[in-house]
$ cat my_file05.cif   # mmCIF, C-alpha atoms and all ligand atoms; chains and numbers go by the auth columns
data_upload
loop_
_atom_site.group_PDB
_atom_site.id
_atom_site.type_symbol
_atom_site.label_atom_id
_atom_site.label_comp_id
_atom_site.label_asym_id
_atom_site.label_seq_id
_atom_site.Cartn_x
_atom_site.Cartn_y
_atom_site.Cartn_z
_atom_site.B_iso_or_equiv
_atom_site.auth_seq_id
_atom_site.auth_asym_id
ATOM 1 C CA MET A 1 106.882 86.122 105.600 0.00 509 A
ATOM 2 C CA SER A 2 106.114 86.221 101.937 0.00 510 A
ATOM 3 C CA PHE A 3 108.175 87.153 98.965 0.00 511 A
ATOM 4 C CA VAL A 4 107.499 89.008 95.788 0.00 512 A
ATOM 5 C CA LYS A 5 109.477 89.641 92.652 0.00 513 A
ATOM 6 C CA CYS A 6 110.961 93.002 91.920 0.00 514 A
ATOM 7 C CA LYS A 7 109.045 94.476 89.017 0.00 515 A
ATOM 8 C CA THR A 8 112.114 95.826 87.341 0.00 516 A
ATOM 9 C CA CYS A 9 114.870 93.226 87.738 0.00 517 A
ATOM 10 C CA GLY A 10 112.994 90.107 88.842 0.00 518 A
ATOM 11 C CA ASN A 11 114.937 89.604 92.060 0.00 519 A
ATOM 12 C CA THR A 12 113.019 87.861 94.798 0.00 520 A
ATOM 13 C CA ILE A 13 112.535 90.262 97.646 0.00 521 A
ATOM 14 C CA GLU A 14 110.804 90.305 100.982 0.00 522 A
ATOM 15 C CA GLU A 15 107.298 91.648 100.861 0.00 523 A
ATOM 16 C CA GLY A 16 106.423 94.564 103.045 0.00 524 A
ATOM 17 C CA LEU A 17 109.677 96.502 102.925 0.00 525 A
ATOM 18 C CA GLY A 18 110.279 99.353 100.595 0.00 526 A
ATOM 19 C CA LEU A 19 108.289 101.126 97.993 0.00 527 A
ATOM 20 C CA PHE A 20 104.780 99.840 97.346 0.00 528 A
ATOM 21 C CA ARG A 21 105.241 96.618 99.306 0.00 529 A
ATOM 22 C CA SER A 22 108.613 95.932 97.783 0.00 530 A
ATOM 23 C CA TYR A 23 107.435 95.722 94.245 0.00 531 A
ATOM 24 C CA ILE A 24 110.786 97.232 93.596 0.00 532 A
ATOM 25 C CA CYS A 25 113.997 96.204 95.329 0.00 533 A
ATOM 26 C CA ASN A 26 116.505 98.447 97.024 0.00 534 A
ATOM 27 C CA GLU A 27 119.004 97.793 94.291 0.00 535 A
ATOM 28 C CA CYS A 28 116.636 99.197 91.702 0.00 536 A
ATOM 29 C CA LEU A 29 115.675 102.079 93.954 0.00 537 A
ATOM 30 C CA ASP A 30 119.356 102.954 94.167 0.00 538 A
ATOM 31 C CA LYS A 31 119.603 102.763 90.407 0.00 539 A
ATOM 32 C CA ILE A 32 116.687 105.128 90.036 0.00 540 A
ATOM 33 C CA ALA A 33 118.143 107.473 92.631 0.00 541 A
ATOM 34 C CA ASN A 34 121.492 107.482 90.858 0.00 542 A
ATOM 35 C CA THR A 35 120.141 107.740 87.355 0.00 543 A
ATOM 36 C CA ASN A 36 120.967 110.898 85.544 0.00 544 A
ATOM 37 C CA MET A 37 117.492 112.204 84.872 0.00 545 A
ATOM 38 C CA LYS A 38 118.471 113.793 81.597 0.00 546 A
ATOM 39 C CA ASP A 39 116.990 111.771 78.756 0.00 547 A
ATOM 40 C CA THR A 40 118.161 108.340 79.820 0.00 548 A
ATOM 41 C CA ILE A 41 116.363 105.268 78.621 0.00 549 A
ATOM 42 C CA TYR A 42 116.489 103.938 82.176 0.00 550 A
ATOM 43 C CA TYR A 43 114.585 106.875 83.534 0.00 551 A
ATOM 44 C CA GLU A 44 111.806 106.372 81.026 0.00 552 A
ATOM 45 C CA TYR A 45 111.793 102.659 81.810 0.00 553 A
ATOM 46 C CA TYR A 46 111.570 103.116 85.564 0.00 554 A
ATOM 47 C CA ARG A 47 109.111 105.917 85.279 0.00 555 A
ATOM 48 C CA ALA A 48 106.738 103.712 83.282 0.00 556 A
ATOM 49 C CA ILE A 49 107.022 100.939 85.866 0.00 557 A
ATOM 50 C CA ILE A 50 106.485 103.259 88.799 0.00 558 A
ATOM 51 C CA LYS A 51 103.488 104.763 87.100 0.00 559 A
ATOM 52 C CA ARG A 52 102.011 101.314 86.659 0.00 560 A
ATOM 53 C CA MET A 53 102.750 100.455 90.297 0.00 561 A
ATOM 54 C CA TRP A 54 100.933 103.584 91.390 0.00 562 A
ATOM 55 C CA LEU A 55 97.892 102.618 89.338 0.00 563 A
ATOM 56 C CA ASP A 56 97.907 99.125 90.853 0.00 564 A
ATOM 57 C CA TYR A 57 98.320 100.625 94.319 0.00 565 A
ATOM 58 C CA ILE A 58 95.459 103.045 93.895 0.00 566 A
ATOM 59 C CA ALA A 59 93.238 100.357 92.404 0.00 567 A
ATOM 60 C CA GLU A 60 93.847 98.111 95.425 0.00 568 A
ATOM 61 C CA MET A 61 92.993 100.884 97.840 0.00 569 A
ATOM 62 C CA GLU A 62 89.568 101.301 96.332 0.00 570 A
ATOM 63 C CA PHE A 63 88.498 97.836 97.426 0.00 571 A
HETATM 64 ZN ZN ZN B . 115.092 95.122 91.424 0.00 601 B
#
$ encode --input "my_file05.cif" --output "structure tokens"
Amino acid sequence: MSFVKCKTCGNTIEEGLGLFRSYICNECLDKIANTNMKDTIYYEYYRAIIKRMWLDYIAEMEF
């Protein structure tokens, strides 16, 4: 069992559970889910992180 750090809050989380191998913890996923999508700074913040995670994810898949 290995652990990774949440990309948004830095919490140590178990690898292999959640979105993109737990690069983001459930707490942050809840925050994103509960964020009012209308022009919040949090939405822009999370969106940028998720975009970067997608790019990392896709890059890994190519190897
Ligand atoms: Zn987190």
$ closest_residue --input "my_file05.cif" --among "A:Ile521, A:Val512, A:Met561, A:Thr548" --to "Glu535 of chain A" --atoms "all atoms listed in the file"
A:Ile521
$ atom_distance --input "my_file05.cif" --atom1 "atom CA of Ile566 of chain A" --atom2 "atom CA of Ala541 of chain A"
23.1 Å
$ closest_residue --input "my_file05.cif" --among "A:Ile540, A:Tyr565, A:Arg560, A:Lys515" --to "ligand ZN 601 (chain B)" --atoms "only C-alpha atoms and all ligand atoms"
A:Lys515
$ resolve_selection --input "my_file05.cif" --expression "the PyMOL selection byres (((chain A and resi 513) around 9) and not hetatm)" --output "list of chain:residue names"
A:Phe511, A:Val512, A:Cys514, A:Lys515, A:Thr516, A:Cys517, A:Gly518, A:Asn519, A:Thr520, A:Ile521, A:Glu522, A:Glu523, A:Ser530, A:Tyr531, A:Ile532, A:Cys533
$ atom_distance --input "my_file05.cif" --atom1 "atom CA of Asp564 of chain A" --atom2 "atom CA of Ile549 of chain A"
23.0 Å
$ residues_around --input "my_file05.cif" --residues "Trp562 of chain A" --least-positions-apart "3" --cutoff "12 Å" --atoms "all atoms listed in the file" --output "compact mmCIF listing (two decimals) with C-alpha atoms, in the coordinates of the input"
# COMPACT_ATOMS: atom_id res chain seq x y z
CA LEU A 527 108.29 101.13 97.99
CA PHE A 528 104.78 99.84 97.35
CA ARG A 529 105.24 96.62 99.31
CA TYR A 531 107.44 95.72 94.24
CA ILE A 532 110.79 97.23 93.60
CA ARG A 555 109.11 105.92 85.28
CA ALA A 556 106.74 103.71 83.28
CA ILE A 557 107.02 100.94 85.87
CA ILE A 558 106.48 103.26 88.80
CA LYS A 559 103.49 104.76 87.10
CA TYR A 565 98.32 100.62 94.32
CA ILE A 566 95.46 103.04 93.90
CA ALA A 567 93.24 100.36 92.40
CA GLU A 568 93.85 98.11 95.42
CA MET A 569 92.99 100.88 97.84
$ closest_residue --input "my_file05.cif" --among "A:Tyr553, A:Ser510, A:Leu537, A:Asn542" --to "ligand ZN 601 (chain B)" --atoms "all atoms listed in the file"
A:Leu537
